[in-house]
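Take a look at the structure below.
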Amino acid sequence: MGNFDRRSFLKSSALLTVGAMVAPTILPANSAGVSASDKLNVAFIGVGGKGMHAINLLVNHPKINVVALADVNDQSAANAYNLLPNIPHFRDFRKMLDQLNKQIDGVIISTPDHSHHYIAKWCMKMGKHVYLEKPLAHSIHEVRDLMKMEKETGLVCQMGNQGHSGPGIKQLNEWIQRGYLGEVSEVHAWTNVGWNNVNATRPMAQPVPETLDWDLWLNAAAEVAHNKAYYPAVWRGWNEFGSGALGDWACHNMDAPYFALGLDCPGKVEIESTGPSLLSFPESVKLTYTFKSGNYGNQVKFNWYQGPKFTPPRPAQLEEGRKMGNEGGGTLIVGTKSTVMMYSHATSPCFIPQSKHSEMADLVTIKEVPNAPKTYWNGHYDNWINACQGIGKPNADFAYGGRLTETMLLGNIAIKTNRSLTIDPVSRRILNDPQANALMNNSSPRKGWEV
């Protein structure tokens, strides 16, 4: 990362043209020289829903200034605009960057999956550090492009799988490293959230509200007529905009064992499913990822479950009446010596049965606060903010977050084709399946939305 003063002059590069904006050339990070004593100037892109959650966590943060807000929907953004009435706000984030370029050091992006790549890459070309909600992008091609961009620019980038900065993932990593679980060759992760509409049909056109810019909402995705069936939040269940339950929850519930075991690209993804959906996702799916090796050199079978038909096996030693995971799902890490259960977001790791966990409690050095409030997720933002100021590195940078997202997206390709995949972990390509291989790329972006 270059050593540039935050007040260095950056020439404007986002030019408004007829019907489209020209993608900027890559600029140096204007905040690379921000010291720990300076506040980071942050703009929020997408300020309803998850974006509003981020604003509530960070609005009084001692290390940042909130300098701008952007959202394509005035109605969903109303709470943020009312909370911060003196902060300039925009519908088009590109105009925000063009007008306030020198005032912005980094951006926090909380928009639908289909827009992640375009927005993040535009911001990175403008030299902005990026905190980007999970999953990293909507296609494997987009994921790899953002990973490449991170490497080329040296910008501080973080994927928003908040549990990755919590104590749970560190605790599991310590237990595995110390051999308390023995050899781990079996993992189960699941979610209780559906995001499926199996029999979905294309909604009829509806008038676009004055409060919404539908063209900006669509971003680079193929044009479809406006309908309120696509938003808010429910975009997750439309395959051209969201990534289903796997995209929403796997970056949380697969994260801890994927990281601790040092997994990368699977060699196989096997699928059991209630059947494909043309526009949405199946009711129930079980995916079995086979990783040939990780940090410990052994094969790992990593099972993912979503929907009521496929559920993880209940460990024989789990106490009767004790719940598996929590409302968001959970994770089981099965070793030759012990089994550990975690709640969603890599929280509350515990040996099974509880009596064994009590015996092991004095042997571990990393403690998790029981019933910790969700505001501890603020630590993932803190980690990014500190890294932008030169203090440490982001825990879930795009190099790591991209690998985790790519694994998840391979599962979604299996879901869309409704067949198992064989992958070459070296070339990272799907073998002997041209249709599945083609799904690693998005369709071409709409005219004017290339970046």
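Each chain in the structure tokens gets a letter, A, B and so on, in the order shown; residues start at 1 in every chain, and ligands are counted from 1 in the order they appear.
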
Per-residue nearest contacts of segment 30-128 of chain A to segment 239-248 of chain A (9 Å; only C-alpha atoms) as JSON lines:
```
{"residue": "A:Pro112", "atom": "CA", "partner": "A:Gly242", "partner_atom": "CA", "distance": 6.7}
{"residue": "A:Asp113", "atom": "CA", "partner": "A:Gly242", "partner_atom": "CA", "distance": 5.3}
{"residue": "A:His114", "atom": "CA", "partner": "A:Phe241", "partner_atom": "CA", "distance": 4.8}
{"residue": "A:Ser115", "atom": "CA", "partner": "A:Phe241", "partner_atom": "CA", "distance": 8.1}
```

Please produce an output containing C-alpha atoms for each residue in the selection, written as a PDB file, in the first residue's frame.
```
ATOM      1  CA  PRO A 112     -28.109  -6.978  -2.500  1.00  0.00           C
ATOM      2  CA  ASP A 113     -25.693  -9.683  -3.659  1.00  0.00           C
ATOM      3  CA  HIS A 114     -26.046  -8.925  -7.369  1.00  0.00           C
ATOM      4  CA  SER A 115     -24.647  -5.399  -6.868  1.00  0.00           C
TER       5      SER A 115
END
```

Residues of segment 253-404 of chain A in strand (DSSP E or B) according to DSSP, as JSON, numbers by chain?
{"A": [268, 269, 270, 271, 272, 273, 285, 286, 287, 288, 289, 290, 291, 300, 301, 302, 303, 304, 305, 306, 326, 329, 330, 331, 332, 333, 334, 335, 339, 340, 341, 342, 343, 347, 348, 349, 350, 351, 352]}

Requested write-out: C-alpha atoms of the selected residues, as a short mmCIF file (atom, residue, chain, number, x, y, z; two decimals), in the first residue's frame:
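Output below, filename part03.cif:
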```cif
data_model
loop_
_atom_site.label_atom_id
_atom_site.label_comp_id
_atom_site.auth_asym_id
_atom_site.auth_seq_id
_atom_site.Cartn_x
_atom_site.Cartn_y
_atom_site.Cartn_z
CA LYS A 268 -16.42 -32.68 -5.21
CA VAL A 269 -19.81 -31.21 -4.40
CA GLU A 270 -22.52 -33.87 -4.13
CA ILE A 271 -26.17 -32.90 -3.94
CA GLU A 272 -29.44 -34.29 -2.60
CA SER A 273 -32.35 -31.97 -3.31
CA VAL A 285 -30.96 -29.37 0.01
CA LYS A 286 -28.07 -31.39 1.37
CA LEU A 287 -24.63 -30.69 -0.08
CA THR A 288 -21.53 -32.76 0.67
CA TYR A 289 -18.25 -31.03 -0.09
CA THR A 290 -15.16 -33.23 -0.25
CA PHE A 291 -11.88 -31.47 0.49
CA VAL A 300 -12.69 -33.75 5.03
CA LYS A 301 -16.36 -34.33 4.27
CA PHE A 302 -18.19 -31.04 4.86
CA ASN A 303 -21.98 -31.38 4.84
CA TRP A 304 -24.38 -28.45 4.41
CA TYR A 305 -28.14 -28.64 5.13
CA GLN A 306 -30.99 -26.25 4.36
CA ASN A 326 -29.75 -21.79 17.58
CA GLY A 329 -28.53 -22.85 12.55
CA GLY A 330 -25.18 -24.14 13.67
CA THR A 331 -22.14 -26.32 13.13
CA LEU A 332 -20.90 -29.73 14.29
CA ILE A 333 -17.19 -30.52 14.07
CA VAL A 334 -16.68 -34.28 14.52
CA GLY A 335 -13.27 -35.56 15.57
CA THR A 339 -17.28 -33.46 18.89
CA VAL A 340 -17.81 -29.71 19.16
CA MET A 341 -21.09 -27.87 18.50
CA MET A 342 -21.28 -24.18 17.60
CA TYR A 343 -24.15 -21.75 17.18
CA THR A 347 -20.40 -18.52 18.40
CA SER A 348 -20.54 -20.55 21.61
CA PRO A 349 -18.32 -23.55 20.76
CA CYS A 350 -18.93 -26.36 23.23
CA PHE A 351 -17.74 -29.94 23.60
CA ILE A 352 -20.46 -32.58 23.61
#
```

Counting only C-alpha atoms, figure out which residue out of A:Ile119, A:Asn298, A:Asp397, A:Gly46 gets nearest to Phe90 of chain A.
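Nearest candidate to Phe90 of chain A out of A:Ile119, A:Asn298, A:Asp397, A:Gly46: A:Gly46.
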
Top pick for closest residue to Asn65 of chain A, considering A:Ile430, A:Ala361, A:Ile385, A:Met324 and counting only C-alpha atoms:
A:Ile385

To one decimal place in Å, what is the distance between atom CA of Ile391 of chain A and atom CA of Val156 of chain A?
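Here the two named atoms are 11.0 Å from each other.
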
Write out as a PyMOL selection string the residues lying within 9 Å of segment 402-409 of chain A, counting only C-alpha atoms and excluding same-chain residues fewer than 2 positions away.
chain A and resi 134-140+143-144+146-147+159+243+246-247+250-251+254-255+258-259+263-266+289+396-400+411-414+440

Using atom CA of Ser427 of chain A and atom CA of Ser185 of chain A as the two end points, give the distance in Å to one decimal.
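The value is 23.8 Å.
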
Taking only C-alpha atoms into account, which of A:Thr211, A:Gln171, A:Asn161, A:Gln206 comes nearest Ala78 of chain A?
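Of all the options, A:Thr211 lies closest to Ala78 of chain A.
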
Residue contacts of Ile104 of chain A (6 Å, only C-alpha atoms) excluding same-chain residues fewer than 2 positions away, as a CSV table (one decimal) with N, CA and C atoms, in the first residue's frame:
```csv
chain,number,residue,atom,x,y,z
A,41,ASN,N,-12.8,8.6,7.6
A,41,ASN,CA,-14.0,9.2,7.0
A,41,ASN,C,-14.7,8.1,6.2
A,42,VAL,N,-15.9,7.7,6.6
A,42,VAL,CA,-16.6,6.5,6.1
A,42,VAL,C,-17.9,7.0,5.4
A,101,ASN,N,-15.2,12.9,-3.2
A,101,ASN,CA,-14.0,12.0,-3.3
A,101,ASN,C,-13.0,12.1,-2.3
A,102,LYS,N,-12.4,13.3,-2.1
A,102,LYS,CA,-11.3,13.6,-1.2
A,102,LYS,C,-11.8,13.5,0.3
A,106,GLY,N,-13.0,5.4,3.2
A,106,GLY,CA,-13.5,4.0,3.1
A,106,GLY,C,-15.0,3.9,3.0
```

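Considering the residues A:Ser338, A:Glu223, A:Pro276, A:Gly294 and counting only C-alpha atoms, Thr417 of chain A has its shortest atom-to-atom contact with A:Pro276.
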
Report as a list in words all protein, DNA and RNA residues lying within 10 Å of Ile176 of chain A, evaluated on only C-alpha atoms, omitting residues in the same chain fewer than 6 positions from it.
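Result of the neighbour search: Gly182, Glu183, Val184, Pro257, Ala260, Leu261, Tyr296, Ile333 and Gly335 of chain A.
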
Step one, run DSSP on the backbone; step two, keep only residues of segment 132-178 of chain A assigned to alpha helix (DSSP H); then write them as a list of chain:residue names.
A:Ile140, A:His141, A:Glu142, A:Val143, A:Arg144, A:Asp145, A:Leu146, A:Met147, A:Lys148, A:Met149, A:Glu150, A:Lys151, A:Glu152, A:Thr153, A:Pro167, A:Gly168, A:Ile169, A:Lys170, A:Gln171, A:Leu172, A:Asn173, A:Glu174, A:Trp175, A:Ile176, A:Gln177

I need the residue nearest Asn196 of chain A from this list: A:Ala346, A:Leu58, A:Ile415, A:Leu410. Use only C-alpha atoms for the distance.
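When distances to Asn196 of chain A are compared using only C-alpha atoms, the smallest one comes from A:Ile415.
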